[in-house]
Amino acid sequence: MWFATRPLAVQPQRRRNDPDRAHYPRSVATRFPAGRFTLWVLDVGLACCAVEVVAASLRASAEPVRDHPADVLVVAGTLTDTMAPAIVRLYAELPEPKHVISFGACADCGGPYWDSYCVTKGVDQLVPVDVYVPGCPPRPEALLDGLRVLASRIDAGVLAG
Amino acid sequence: MPVSSLADRLVALVEGAAPRVEFGRLTVDVPAAGWVAAATAARDDPQTDLSCFDWLSAVDELDAGFDVVLSVYSATHRHRALLRTGVPRSQPRLDSLVPVFAGADWHERETHEMFGIEFSGHPGLAPLLLPPGFEGHPLRKDFVLAARVAKAWPGEKEPGGDRPRRRARPLGVPEDWEQP
Amino acid sequence: MTDLPPRSRGVIALLEENCTSCMLCARECPDWCIFIDSHKETVEPPGGGRPRQVNVLDRFAIDFALCMYCGICVEVCPFDALFWSPEYGYAAGDVAELTHERDQLREWLGSVPPPPALDPTGPVPAEVERTRSQRAPG
């Protein structure tokens, strides 16, 4: 499996704004072209939407690279309460500047499982989200469109980039 | 082995077994006291050889208690069976099947956290899927999905914007639930 | 733009003229993501006749952040006011922008494809069969 679906290992001696970002461990980031940017995407594949993100990487002929720091965290799939601390930790470990794309109905707002006893209603309850991609699941091309929207927002200066 | 002969063989092996064949599938009800013995006999007998553990779960039957169901399969004979037993709601306690099938470990942990059934002899009955600090047993029928009560149902309005004539309740909310 | 298969489910479009605010789609939606507000008005038909009450639609919104694209609303609408459209590129920076109101749902109508042709080897629809048998003796 190309994409890292487990949270990064916690290394207590690492500083968050480490200028030598190549030492951040074991993040398999995938290079996606998006307008005039190249975005390095870390896919947190939690459920069915993960398959669409993999399909998107194949459509965009994107290559995954081990140990490359990621710019964009794509949260794809249902976020359960049990998994929530892992996502918070994962977001905290990413180096700045970082962006989050919420992919699919479950990551946007809990989706069809909003009434469940252990589903977090959207990843934006835990981390700030920059782009929301609707769908259940969204098409792989919708992720590429979401990355384009993110790139245009970075370009317009709305987001730090 | 045809289903009827499998049923007869299991009745011969297990005391107090009551078989039912529905839609070509066999369910054998066994008394709770002989739960481990029934699973062991079904596994070890060469004619049944139900040695492949499929899943273990429970059904909330309200006043009748909980039905704990075990699904087992035979790879040599290509037949399957459901073993079922009942535990009372006031004292939901059953012997663990981990000595018989090692794979029952996590299934019993999940059944324990979802229904509140104690499995005595289980090596470590910790919650499996629910977040730490979760209160209650979600798959019991008296566990209400509060989210559907808290959010206003868009379909409650009558066409034309009138108030509904009778109290329209969203799905899954019991009749005696009081509005928050 | 990839070649999308027919009946692709991208977004739902609303033809407001067909909608009678019957609330069936809002009731049947499993996610509760359709919000309808309406009121009654008395209308005098031109050319005489007694005045009738009609439902006037005030608000029709679909929250696409919640929507799971099951299509129950499109299927259940008795007046064919909802249509599937294959458009998928409407990601937004704010989750509130994913709730599409009436005017935006009307805009999606432009991308609704014509219905695909019936399968020539499929069963004959009951309506056609009835008219055929009525014509046969003649």
# chains A, B, ... in the order shown; residues from 1 in each chain; ligands from 1
call {"tool": "closest_atom_pairs", "arguments": {"of": "chain A", "to": "chain C", "cutoff": "7 Å", "atoms": "only C-alpha atoms", "output": "JSON lines"}}
result
{"residue": "A:Ala105", "atom": "CA", "partner": "C:Ala65", "partner_atom": "CA", "distance": 5.3}
{"residue": "A:Asp108", "atom": "CA", "partner": "C:Ala65", "partner_atom": "CA", "distance": 5.9}
{"residue": "A:Cys109", "atom": "CA", "partner": "C:Ala65", "partner_atom": "CA", "distance": 6.3}
{"residue": "A:Gly111", "atom": "CA", "partner": "C:Leu66", "partner_atom": "CA", "distance": 4.6}
{"residue": "A:Pro112", "atom": "CA", "partner": "C:Asp31", "partner_atom": "CA", "distance": 5.7}
{"residue": "A:Asp130", "atom": "CA", "partner": "C:Gly93", "partner_atom": "CA", "distance": 5.6}
{"residue": "A:Val131", "atom": "CA", "partner": "C:Gly93", "partner_atom": "CA", "distance": 4.4}
{"residue": "A:Tyr132", "atom": "CA", "partner": "C:Ala92", "partner_atom": "CA", "distance": 5.4}
{"residue": "A:Val133", "atom": "CA", "partner": "C:Ala91", "partner_atom": "CA", "distance": 4.5}
{"residue": "A:Pro134", "atom": "CA", "partner": "C:Ala65", "partner_atom": "CA", "distance": 5.4}
{"residue": "A:Gly135", "atom": "CA", "partner": "C:Met68", "partner_atom": "CA", "distance": 6.7}
{"residue": "A:Cys136", "atom": "CA", "partner": "C:Met68", "partner_atom": "CA", "distance": 5.0}
{"residue": "A:Ala142", "atom": "CA", "partner": "C:Gly89", "partner_atom": "CA", "distance": 5.8}
{"residue": "A:Asp145", "atom": "CA", "partner": "C:Gly89", "partner_atom": "CA", "distance": 6.0}
{"residue": "A:Gly146", "atom": "CA", "partner": "C:Ala91", "partner_atom": "CA", "distance": 5.6}
call {"tool": "write_last_selection", "arguments": {"atoms": "all heavy atoms", "output": "short mmCIF file (atom, residue, chain, number, x, y, z; two decimals), in the first residue's frame"}}
result
data_model
loop_
_atom_site.label_atom_id
_atom_site.label_comp_id
_atom_site.auth_asym_id
_atom_site.auth_seq_id
_atom_site.Cartn_x
_atom_site.Cartn_y
_atom_site.Cartn_z
N ALA A 105 -18.13 12.86 2.44
CA ALA A 105 -19.16 13.36 3.36
C ALA A 105 -18.79 13.09 4.81
O ALA A 105 -19.05 13.92 5.69
CB ALA A 105 -20.50 12.70 3.02
N ASP A 108 -16.34 15.57 6.00
CA ASP A 108 -16.88 16.94 5.99
C ASP A 108 -17.72 17.19 7.23
O ASP A 108 -17.57 18.21 7.89
CB ASP A 108 -17.77 17.15 4.75
CG ASP A 108 -16.97 17.23 3.47
OD1 ASP A 108 -15.75 17.42 3.55
OD2 ASP A 108 -17.57 17.09 2.39
N CYS A 109 -18.65 16.28 7.53
CA CYS A 109 -19.59 16.57 8.61
C CYS A 109 -20.16 15.31 9.23
O CYS A 109 -21.24 15.33 9.76
CB CYS A 109 -20.75 17.42 8.08
SG CYS A 109 -21.62 16.55 6.80
N GLY A 111 -21.22 12.83 7.59
CA GLY A 111 -21.83 12.13 6.48
C GLY A 111 -23.06 11.31 6.88
O GLY A 111 -23.83 11.69 7.75
N PRO A 112 -23.22 10.13 6.26
CA PRO A 112 -24.37 9.30 6.59
C PRO A 112 -24.33 8.75 8.00
O PRO A 112 -25.35 8.28 8.51
CB PRO A 112 -24.30 8.16 5.57
CG PRO A 112 -22.99 8.26 4.92
CD PRO A 112 -22.43 9.59 5.17
N ASP A 130 -9.18 23.43 5.23
CA ASP A 130 -9.10 24.49 4.22
C ASP A 130 -10.05 24.27 3.06
O ASP A 130 -10.59 25.20 2.51
CB ASP A 130 -7.66 24.58 3.70
CG ASP A 130 -6.71 24.95 4.82
OD1 ASP A 130 -7.01 25.92 5.54
OD2 ASP A 130 -5.68 24.27 4.99
N VAL A 131 -10.20 23.03 2.62
CA VAL A 131 -11.10 22.74 1.50
C VAL A 131 -11.94 21.53 1.85
O VAL A 131 -11.44 20.55 2.40
CB VAL A 131 -10.31 22.46 0.20
CG1 VAL A 131 -11.23 22.05 -0.92
CG2 VAL A 131 -9.52 23.69 -0.22
N TYR A 132 -13.23 21.62 1.54
CA TYR A 132 -14.14 20.50 1.76
C TYR A 132 -14.55 19.94 0.40
O TYR A 132 -15.03 20.68 -0.46
CB TYR A 132 -15.41 20.96 2.48
CG TYR A 132 -15.18 21.49 3.87
CD1 TYR A 132 -14.78 22.80 4.06
CD2 TYR A 132 -15.38 20.69 4.98
CE1 TYR A 132 -14.57 23.29 5.33
CE2 TYR A 132 -15.19 21.18 6.25
CZ TYR A 132 -14.78 22.48 6.43
OH TYR A 132 -14.59 22.96 7.68
N VAL A 133 -14.36 18.65 0.21
CA VAL A 133 -14.77 18.03 -1.05
C VAL A 133 -16.00 17.18 -0.76
O VAL A 133 -15.91 16.23 0.02
CB VAL A 133 -13.64 17.15 -1.63
CG1 VAL A 133 -14.07 16.55 -2.94
CG2 VAL A 133 -12.37 17.96 -1.81
N PRO A 134 -17.16 17.51 -1.36
CA PRO A 134 -18.35 16.72 -1.08
C PRO A 134 -18.40 15.47 -1.93
O PRO A 134 -17.79 15.39 -2.99
CB PRO A 134 -19.48 17.68 -1.47
CG PRO A 134 -18.89 18.51 -2.55
CD PRO A 134 -17.42 18.63 -2.27
N GLY A 135 -19.13 14.49 -1.47
CA GLY A 135 -19.29 13.27 -2.25
C GLY A 135 -19.34 12.08 -1.33
O GLY A 135 -18.91 12.14 -0.19
N CYS A 136 -19.88 10.98 -1.84
CA CYS A 136 -19.96 9.80 -1.02
C CYS A 136 -19.85 8.56 -1.87
O CYS A 136 -20.86 7.91 -2.15
CB CYS A 136 -21.26 9.79 -0.22
SG CYS A 136 -21.34 8.52 1.05
N ALA A 142 -12.61 14.61 -8.37
CA ALA A 142 -13.03 15.63 -7.41
C ALA A 142 -11.89 15.97 -6.45
O ALA A 142 -11.79 17.11 -6.00
CB ALA A 142 -14.25 15.17 -6.62
N ASP A 145 -9.78 18.32 -8.32
CA ASP A 145 -10.44 19.62 -8.32
C ASP A 145 -10.27 20.31 -6.97
O ASP A 145 -10.03 21.52 -6.90
CB ASP A 145 -11.92 19.42 -8.65
CG ASP A 145 -12.70 20.70 -8.54
OD1 ASP A 145 -12.54 21.56 -9.41
OD2 ASP A 145 -13.47 20.85 -7.57
N GLY A 146 -10.37 19.54 -5.89
CA GLY A 146 -10.17 20.11 -4.56
C GLY A 146 -8.76 20.64 -4.39
O GLY A 146 -8.55 21.69 -3.78
#
call {"tool": "interface_residues", "arguments": {"of": "chain A", "to": "chain B", "cutoff": "6 Å", "atoms": "only C-alpha atoms", "output": "PDB file with N, CA, C and O atoms, in the first residue's frame"}}
result
ATOM      1  N   ASP A  81     -14.559   8.337  16.923  1.00  0.00           N
ATOM      2  CA  ASP A  81     -14.031   8.958  18.143  1.00  0.00           C
ATOM      3  C   ASP A  81     -12.757   8.274  18.603  1.00  0.00           C
ATOM      4  O   ASP A  81     -11.908   8.892  19.245  1.00  0.00           O
ATOM      5  N   THR A  82     -12.636   6.976  18.297  1.00  0.00           N
ATOM      6  CA  THR A  82     -11.433   6.266  18.709  1.00  0.00           C
ATOM      7  C   THR A  82     -10.221   6.740  17.929  1.00  0.00           C
ATOM      8  O   THR A  82      -9.106   6.758  18.440  1.00  0.00           O
ATOM      9  N   ASP A 115     -25.339  10.383  12.901  1.00  0.00           N
ATOM     10  CA  ASP A 115     -26.095  10.094  14.113  1.00  0.00           C
ATOM     11  C   ASP A 115     -25.470   8.981  14.940  1.00  0.00           C
ATOM     12  O   ASP A 115     -26.043   8.563  15.926  1.00  0.00           O
TER      13      ASP A 115
END
call {"tool": "closest_atom_pairs", "arguments": {"of": "chain C", "to": "chain B", "cutoff": "7 Å", "atoms": "only C-alpha atoms", "output": "tab-separated table"}}
result
residue	atom	partner	partner_atom	distance
C:Ser21	CA	B:Pro159	CA	5.5
C:Cys22	CA	B:Pro159	CA	5.2
C:Met23	CA	B:Pro159	CA	6.0
C:Ala26	CA	B:Gly155	CA	4.9
C:Arg27	CA	B:Gly155	CA	4.1
C:Trp32	CA	B:Pro154	CA	6.3
C:Ile34	CA	B:Pro154	CA	6.8
C:Phe35	CA	B:Pro154	CA	5.6
C:Asp37	CA	B:Gly161	CA	6.4
C:Ser38	CA	B:Gly160	CA	4.9
C:His39	CA	B:Gly160	CA	4.2
C:Lys40	CA	B:Gly160	CA	4.9
C:Asn55	CA	B:Gly160	CA	5.1
call {"tool": "residues_around", "arguments": {"residues": "Glu101 in chain C", "least_positions_apart": "3", "cutoff": "9 Å", "atoms": "only C-alpha atoms", "output": "PyMOL selection string"}}
result
chain C and resi 59-63+104-106
call {"tool": "write_last_selection", "arguments": {"atoms": "C-alpha atoms", "output": "PDB file, in the first residue's frame"}}
result
ATOM      1  CA  ARG C  59     -36.864  27.520   0.454  1.00  0.00           C
ATOM      2  CA  PHE C  60     -35.431  24.335  -1.011  1.00  0.00           C
ATOM      3  CA  ALA C  61     -31.900  23.517   0.096  1.00  0.00           C
ATOM      4  CA  ILE C  62     -29.801  20.379  -0.109  1.00  0.00           C
ATOM      5  CA  ASP C  63     -26.797  20.071   2.173  1.00  0.00           C
ATOM      6  CA  GLN C 104     -27.859  27.083  -7.297  1.00  0.00           C
ATOM      7  CA  LEU C 105     -29.920  23.915  -7.664  1.00  0.00           C
ATOM      8  CA  ARG C 106     -31.592  25.491 -10.676  1.00  0.00           C
TER       9      ARG C 106
END
call {"tool": "select_by_dssp", "arguments": {"residues": "chain B", "states": "helix (DSSP H, G or I)", "output": "VMD selection string"}}
result
chain B and resid 3 to 13 32 to 44 62 to 64 104 to 115 146 to 150 154 to 156
call {"tool": "residues_around", "arguments": {"residues": "range 77-80 of chain A", "least_positions_apart": "3", "cutoff": "10 Å", "atoms": "only C-alpha atoms", "output": "PyMOL selection string"}}
result
(chain A and resi 44-51+74+83-85+87+102-114+116-123+136-137) or (chain B and resi 129-131)
call {"tool": "closest_residue", "arguments": {"among": "A:Ala62, A:Leu159, A:Ala29, A:Ala92", "to": "Val41 in chain A", "atoms": "only C-alpha atoms"}}
result
A:Ala29
call {"tool": "residues_around", "arguments": {"residues": "Phe119 in chain B", "least_positions_apart": "2", "cutoff": "9 Å", "atoms": "only C-alpha atoms", "output": "list in words"}}
result
Pro92, Arg93, Leu94, Asp95, Ser96, Leu97, Glu108, Arg109, His112, Ile117, Gly121, His122 and Leu125 of chain B
call {"tool": "closest_residue", "arguments": {"among": "B:Phe23, B:Lys141, B:Ala37, B:Met114", "to": "Gly65 in chain B", "atoms": "only C-alpha atoms"}}
result
B:Lys141
call {"tool": "atom_distance", "arguments": {"atom1": "CA of Cys29 in chain C", "atom2": "CA of Cys73 in chain C"}}
result
6.2 Å
